[in-house]
Amino acid sequence: MRITAFLDIPGQDNLTPLARLEKYAFSDNIFNRQIIARGLLDVFRNFSNNEEDFLTVMEIVVRLSEDAEPTVRTELMEQIPPIAIFLQESRPNFPLAFSEYLMPIVVRYLTDPNNQVRKSSQEVLLILLEQDLIFQNDIENKVCPILLDLSAPDSDDEYKAEAVNIICKMASMLSKSTVERLLLPRFCELCGDGKLFQVRKVCATNFGDVCNAVGQEATEKFLIPKFFELCSDSVWGMRKACAECFMAVSYTTSSEVRRTKLSPLFINLISDPCRWVRQAAFQSLGPFISTFANPSSAGLYIREDGTLSIRPPAQDITPISGSTSSCVNITSSCSGNPEHIKSDPLTEGISIETSNFLHVENSHISGMEKRMTCPASAEEELIQSCQSDSCYAIKDANDSQVNNCQGLKKACSGSSEDLFNNFLYWRTPLPDISQDLELLQTKTEQQEEGCCIPDTVCKKCVASSEIKKVLESLQEHMMNDPDVQAQVQVLSAALRAAQLDSMSDSEIKNAEKSHEEVSSSEPSSTTENQNTVSSASSQNELLEAKVIQSTDSEKRLNGTSEHLQKEQRFDPTPFEDHKSKLQDIIPQQLLDQYLSMTDPARAQTVDTDIAKHCAYSLPGVALTLGRQNWHCLKDTYETLASDVQWKVRRTLAFSIHELAVILGDQLTAADLVPIFNGFLKDLDEVRIGVLKHLYDFLKLLHADKRREYLYQLQEFVVTDNSRNWRFRYELAEQLILILELYNPSDVYDYLMHIALKLCADKVSEVRWISFKLVVAILQKFYSNNASALGLNFINELIIRFRHCPKWVGRQAFAFICQAVVREECIPVDQFVEHLLPSLLSLASDPVPNVRVLLAKALRQTLMEKAYFRNAGNPHLEVVEETVLALQSDRDQDVSFFATLEPKRNIMDTAALEKQN
């Protein structure tokens, strides 16, 4: 019923409908005016057929818009969008009516003294712009001028804040040229508004939308400088808003600006003194990193439907990049350690020598050549650097490693003052590389002068005498303390590595001879302890004795032992781990900050949910880095997968199938399958994430690896809470898809039993979806010429359901037979021979619900098939007799469905089926 129906009542007051409209529109009763304003759409429908009446109504609306009552004006404003749509669609003969009469009302209400009226007009304006109901001429000549006036520097503060909000929101709805020509200068001015921080806050919040509206060129020319100002604003709310929209801003800029300007700016936000800014920055870190993604380098691209697709392998980039190789080269040359760097599995085909000794960039070489001109000062500077910057880390007794993890990024940057930072990597047991020393020395001499550091400089990086003092001081504490024993073992390996290059074969022989003397000079308890904790070979023990004996005269680095012990306690980052995180897709600082999101200290100082945000954005980061850089994220992913918070593991479980697409089958089998197996045994909240995409994950595995999960699929039937029936429902849906991944014998041996168990579930929703699973299994058997397995399954269905003592099982049998006929999943001769007799025998079932479903199966499905419509069919007669018996059934519902013609079946019986 129309709100203004009273206008059509004849003879009410001897007035025409138009006159009656005017009477109520300007009545002294506020309620009458509200009714007219609320029913304006009906009024236009009644009076728009006649042009004169239509113009009269428009004039009444204009006068009504000047009503003194704010509620009337609000009601009128809320009716303008549907009126505009009506005029555009139904009355094209009044093309300018909206522009001439209604648009000025919308613009005028933007400055209405009543707050509610202004809010309504702002919402209406945005709706009209979004639905493209305003002419371009009106936007430029009516809307934009009023907004520019309201946002002027001398405008009222309240109006200015509202105007800038509208400007920011409408920027995405207007053309690029309009925004850039009319609104962009004012927006840039408002970003630096020093009077109201609320204005700057609105600009910062919507900065990404404005960048997207004006495009890359205008963004880099006008908006990026303003964005830098907002990111350094004194009000933390501004910086927080900038961090939240950082991804949108980065998406609009070029890769060069993104890398050189926005990345350092984002690092500043991550280290902001305000916790809320750091929290927002870390939440945006993963999305910001994803803007560096390049489909050509990642080997993947996102389709229009949002799914990942794999590009041909020829389009993938080479696994090792120049900058990464340069850093590796500097590392290997500065460390003086002849150990070969292990090659990544992804870099097969690139020789170890090439990956270890690639040439350094020209800037690095020039910086090193400047240092090499004065070796004495360089040597002293290097020793000072070792005193102040060396950081040794001792792992637990299981790892027993000593690592020197200098600032690798500084070495890669080519900075002159940091170029000689030493990189030492020690591990126990030390590999036997005696046979490679000559070859390595020959190759090292072939490198450019700038890439080589004299052995004397590298040897002086560590004071062996000081390490010996530490060893001696630990001897008395190592009897009952396994941690001290581990330290002794590690320091012993450190001494061996430090002196290995300087020892000749003759010295090694001398060390063997003097081993007994050194051993006899030490207390017996110390000798026993050394023999207990040492896991090296006898030759390494001799080397250790020689090292200790040959370093008595070295007194170069004072205080090294104290610094060593301090760093052993506080820096657990191994050098090799840090080196393995190198890549050149994104700035290394961004990756380092992202990897630090799993640090427990971040949860205390930034956000308790920071690990969850890290897990949420990890697939995007992995896609950006590409599978060739998965080693950068592998440890972080494993840390997140073992997080104590189930919501972190749940987040990973829901995205592990997407990560598998990104990594490919080899990395998935090596790194994701163990984590996937762990999720299978996790809480139901985590398992559901794996279960919802079980098919998507399994189809990415090789057949042999996929077959291992046949044994584990039945574990999904058991849940922590038996009432969690949606878990079992999801399992049935996934099994329908998974059937195509396995051969018929595997389906028969494993999946068929799960399906039968789900068909007997206590919840009807689970049973109904399981019946579809049974049909899919039968179709799998007969479509793959496994009729013997199909016949065995049919016999199992007859035993379990047709002869089930519970009526629910017999009803399930009728439904399965109906679905089998409908889907035609088995040959019709097999059906009439093995299933039809058991189905027809349900006609004498004592439970009406079973006979109802039998009647529907026969009448609506079976008899509609061409096979049973054939008059010469020998089975048609018995089917018709059964239907006649059901038509005369004593139960009204049974007789109804047995009589109902399929074409006249207008009742939806799905709900009834589920209720039964």
# chains A, B, ... in the order shown; residues from 1 in each chain; ligands from 1
>>> residues_around(residues="Ala281 of chain A", least_positions_apart="5", cutoff="7 Å", atoms="only C-alpha atoms", output="short mmCIF file (atom, residue, chain, number, x, y, z; two decimals) with all heavy atoms, in the first residue's frame")
data_model
loop_
_atom_site.label_atom_id
_atom_site.label_comp_id
_atom_site.auth_asym_id
_atom_site.auth_seq_id
_atom_site.Cartn_x
_atom_site.Cartn_y
_atom_site.Cartn_z
N ALA A 243 50.35 4.13 7.69
CA ALA A 243 50.77 2.74 7.67
C ALA A 243 49.66 1.82 7.18
O ALA A 243 49.91 0.85 6.47
CB ALA A 243 51.22 2.32 9.08
N GLU A 244 48.43 2.13 7.52
CA GLU A 244 47.30 1.27 7.12
C GLU A 244 47.04 1.34 5.62
O GLU A 244 46.55 0.37 5.04
CB GLU A 244 46.06 1.68 7.91
CG GLU A 244 46.15 1.34 9.40
CD GLU A 244 45.00 1.93 10.20
OE1 GLU A 244 44.29 2.81 9.64
OE2 GLU A 244 44.81 1.53 11.36
N LEU A 269 58.33 3.69 9.76
CA LEU A 269 57.07 3.46 10.45
C LEU A 269 57.14 2.21 11.32
O LEU A 269 56.55 2.16 12.40
CB LEU A 269 55.94 3.32 9.43
CG LEU A 269 55.58 4.58 8.64
CD1 LEU A 269 54.49 4.28 7.62
CD2 LEU A 269 55.11 5.70 9.58
N ILE A 270 57.86 1.20 10.87
CA ILE A 270 57.99 -0.01 11.66
C ILE A 270 58.76 0.25 12.95
O ILE A 270 58.49 -0.37 13.99
CB ILE A 270 58.67 -1.11 10.82
CG1 ILE A 270 57.66 -1.74 9.87
CG2 ILE A 270 59.31 -2.17 11.68
CD1 ILE A 270 58.19 -2.90 9.08
#
>>> residues_around(residues="His657 of chain A", least_positions_apart="3", cutoff="8 Å", atoms="only C-alpha atoms", output="list in words")
Phe654, Ala660, Val661, His693, Leu694, Asp696 and Phe697 of chain A
>>> write_last_selection(atoms="N, CA, C and O atoms", output="PDB file, in the first residue's frame")
ATOM      1  N   PHE A 654      44.324 -22.863   6.519  1.00  0.00           N
ATOM      2  CA  PHE A 654      43.387 -22.422   5.483  1.00  0.00           C
ATOM      3  C   PHE A 654      44.090 -21.987   4.201  1.00  0.00           C
ATOM      4  O   PHE A 654      43.442 -21.897   3.156  1.00  0.00           O
ATOM      5  N   ALA A 660      51.019 -24.263  -1.596  1.00  0.00           N
ATOM      6  CA  ALA A 660      51.493 -25.408  -2.373  1.00  0.00           C
ATOM      7  C   ALA A 660      51.529 -25.089  -3.862  1.00  0.00           C
ATOM      8  O   ALA A 660      52.434 -25.531  -4.584  1.00  0.00           O
ATOM      9  N   VAL A 661      50.559 -24.346  -4.341  1.00  0.00           N
ATOM     10  CA  VAL A 661      50.566 -23.927  -5.752  1.00  0.00           C
ATOM     11  C   VAL A 661      51.770 -23.035  -6.025  1.00  0.00           C
ATOM     12  O   VAL A 661      52.439 -23.149  -7.067  1.00  0.00           O
ATOM     13  N   HIS A 693      40.057 -27.505   2.130  1.00  0.00           N
ATOM     14  CA  HIS A 693      40.827 -27.458   0.878  1.00  0.00           C
ATOM     15  C   HIS A 693      41.661 -28.730   0.724  1.00  0.00           C
ATOM     16  O   HIS A 693      42.747 -28.694   0.132  1.00  0.00           O
ATOM     17  N   LEU A 694      41.135 -29.836   1.237  1.00  0.00           N
ATOM     18  CA  LEU A 694      41.872 -31.092   1.169  1.00  0.00           C
ATOM     19  C   LEU A 694      42.106 -31.524  -0.274  1.00  0.00           C
ATOM     20  O   LEU A 694      43.212 -31.926  -0.647  1.00  0.00           O
ATOM     21  N   ASP A 696      42.168 -29.618  -2.947  1.00  0.00           N
ATOM     22  CA  ASP A 696      43.084 -28.685  -3.606  1.00  0.00           C
ATOM     23  C   ASP A 696      44.534 -28.992  -3.272  1.00  0.00           C
ATOM     24  O   ASP A 696      45.428 -28.789  -4.110  1.00  0.00           O
ATOM     25  N   PHE A 697      44.780 -29.462  -2.057  1.00  0.00           N
ATOM     26  CA  PHE A 697      46.156 -29.776  -1.664  1.00  0.00           C
ATOM     27  C   PHE A 697      46.598 -31.129  -2.210  1.00  0.00           C
ATOM     28  O   PHE A 697      47.700 -31.264  -2.744  1.00  0.00           O
TER      29      PHE A 697
END
>>> atom_distance(atom1="atom CA of Leu262 of chain A", atom2="atom CA of Phe282 of chain A")
14.8 Å
>>> closest_residue(among="A:Cys632, A:Leu41, A:Met58, A:Leu751", to="Ile80 of chain A", atoms="only C-alpha atoms")
A:Leu41
>>> residues_around(residues="Ser844 of chain A", least_positions_apart="2", cutoff="12 Å", atoms="only C-alpha atoms", output="list of chain:residue names")
A:Arg810, A:Ser838, A:Leu839, A:Leu840, A:Ser841, A:Leu842, A:Pro846, A:Val847, A:Pro848, A:Asn849, A:Val850, A:Arg851, A:Val852, A:Leu854, A:Ala855, A:Thr882, A:Val883, A:Ala885, A:Leu886, A:Asp889, A:Arg890, A:Val894
>>> atom_distance(atom1="atom CA of Val117 of chain A", atom2="atom CA of Asp67 of chain A")
11.8 Å
>>> decode(residues="segment 176-197 of chain A", atoms="N, CA and C atoms", output="compact mmCIF listing (two decimals), in the first residue's frame")
# COMPACT_ATOMS: atom_id res chain seq x y z
N LYS A 176 39.51 10.38 -13.96
CA LYS A 176 40.86 10.76 -13.56
C LYS A 176 41.15 12.23 -13.85
N SER A 177 40.72 12.69 -15.01
CA SER A 177 40.99 14.09 -15.37
C SER A 177 40.26 15.06 -14.45
N THR A 178 39.03 14.72 -14.05
CA THR A 178 38.27 15.61 -13.17
C THR A 178 38.94 15.71 -11.80
N VAL A 179 39.36 14.57 -11.27
CA VAL A 179 40.00 14.58 -9.95
C VAL A 179 41.31 15.35 -10.01
N GLU A 180 42.10 15.09 -11.04
CA GLU A 180 43.41 15.74 -11.12
C GLU A 180 43.29 17.23 -11.37
N ARG A 181 42.29 17.63 -12.12
CA ARG A 181 42.16 19.04 -12.47
C ARG A 181 41.48 19.86 -11.38
N LEU A 182 40.46 19.28 -10.71
CA LEU A 182 39.66 20.07 -9.77
C LEU A 182 39.96 19.78 -8.30
N LEU A 183 40.19 18.53 -7.96
CA LEU A 183 40.26 18.16 -6.55
C LEU A 183 41.68 17.93 -6.04
N LEU A 184 42.60 17.52 -6.91
CA LEU A 184 43.93 17.17 -6.44
C LEU A 184 44.67 18.35 -5.81
N PRO A 185 44.65 19.55 -6.39
CA PRO A 185 45.35 20.67 -5.71
C PRO A 185 44.81 20.94 -4.31
N ARG A 186 43.51 20.89 -4.14
CA ARG A 186 42.95 21.14 -2.82
C ARG A 186 43.30 20.01 -1.86
N PHE A 187 43.32 18.78 -2.35
CA PHE A 187 43.67 17.65 -1.48
C PHE A 187 45.11 17.79 -0.98
N CYS A 188 46.02 18.15 -1.87
CA CYS A 188 47.40 18.35 -1.45
C CYS A 188 47.51 19.47 -0.42
N GLU A 189 46.70 20.49 -0.59
CA GLU A 189 46.70 21.59 0.38
C GLU A 189 46.17 21.13 1.73
N LEU A 190 45.13 20.30 1.70
CA LEU A 190 44.55 19.83 2.95
C LEU A 190 45.46 18.86 3.68
N CYS A 191 46.32 18.14 2.94
CA CYS A 191 47.25 17.23 3.60
C CYS A 191 48.21 17.97 4.53
N GLY A 192 48.45 19.23 4.25
CA GLY A 192 49.33 20.01 5.11
C GLY A 192 48.60 20.99 5.98
N ASP A 193 47.31 20.78 6.19
CA ASP A 193 46.53 21.68 7.02
C ASP A 193 47.08 21.67 8.45
N GLY A 194 47.57 22.82 8.89
CA GLY A 194 48.14 22.89 10.23
C GLY A 194 47.17 23.24 11.31
N LYS A 195 45.94 23.55 10.94
CA LYS A 195 44.95 23.99 11.93
C LYS A 195 44.21 22.81 12.54
N LEU A 196 43.76 21.90 11.69
CA LEU A 196 42.97 20.77 12.16
C LEU A 196 43.68 19.46 11.84
N PHE A 197 44.00 18.70 12.87
CA PHE A 197 44.62 17.41 12.61
C PHE A 197 43.57 16.42 12.08
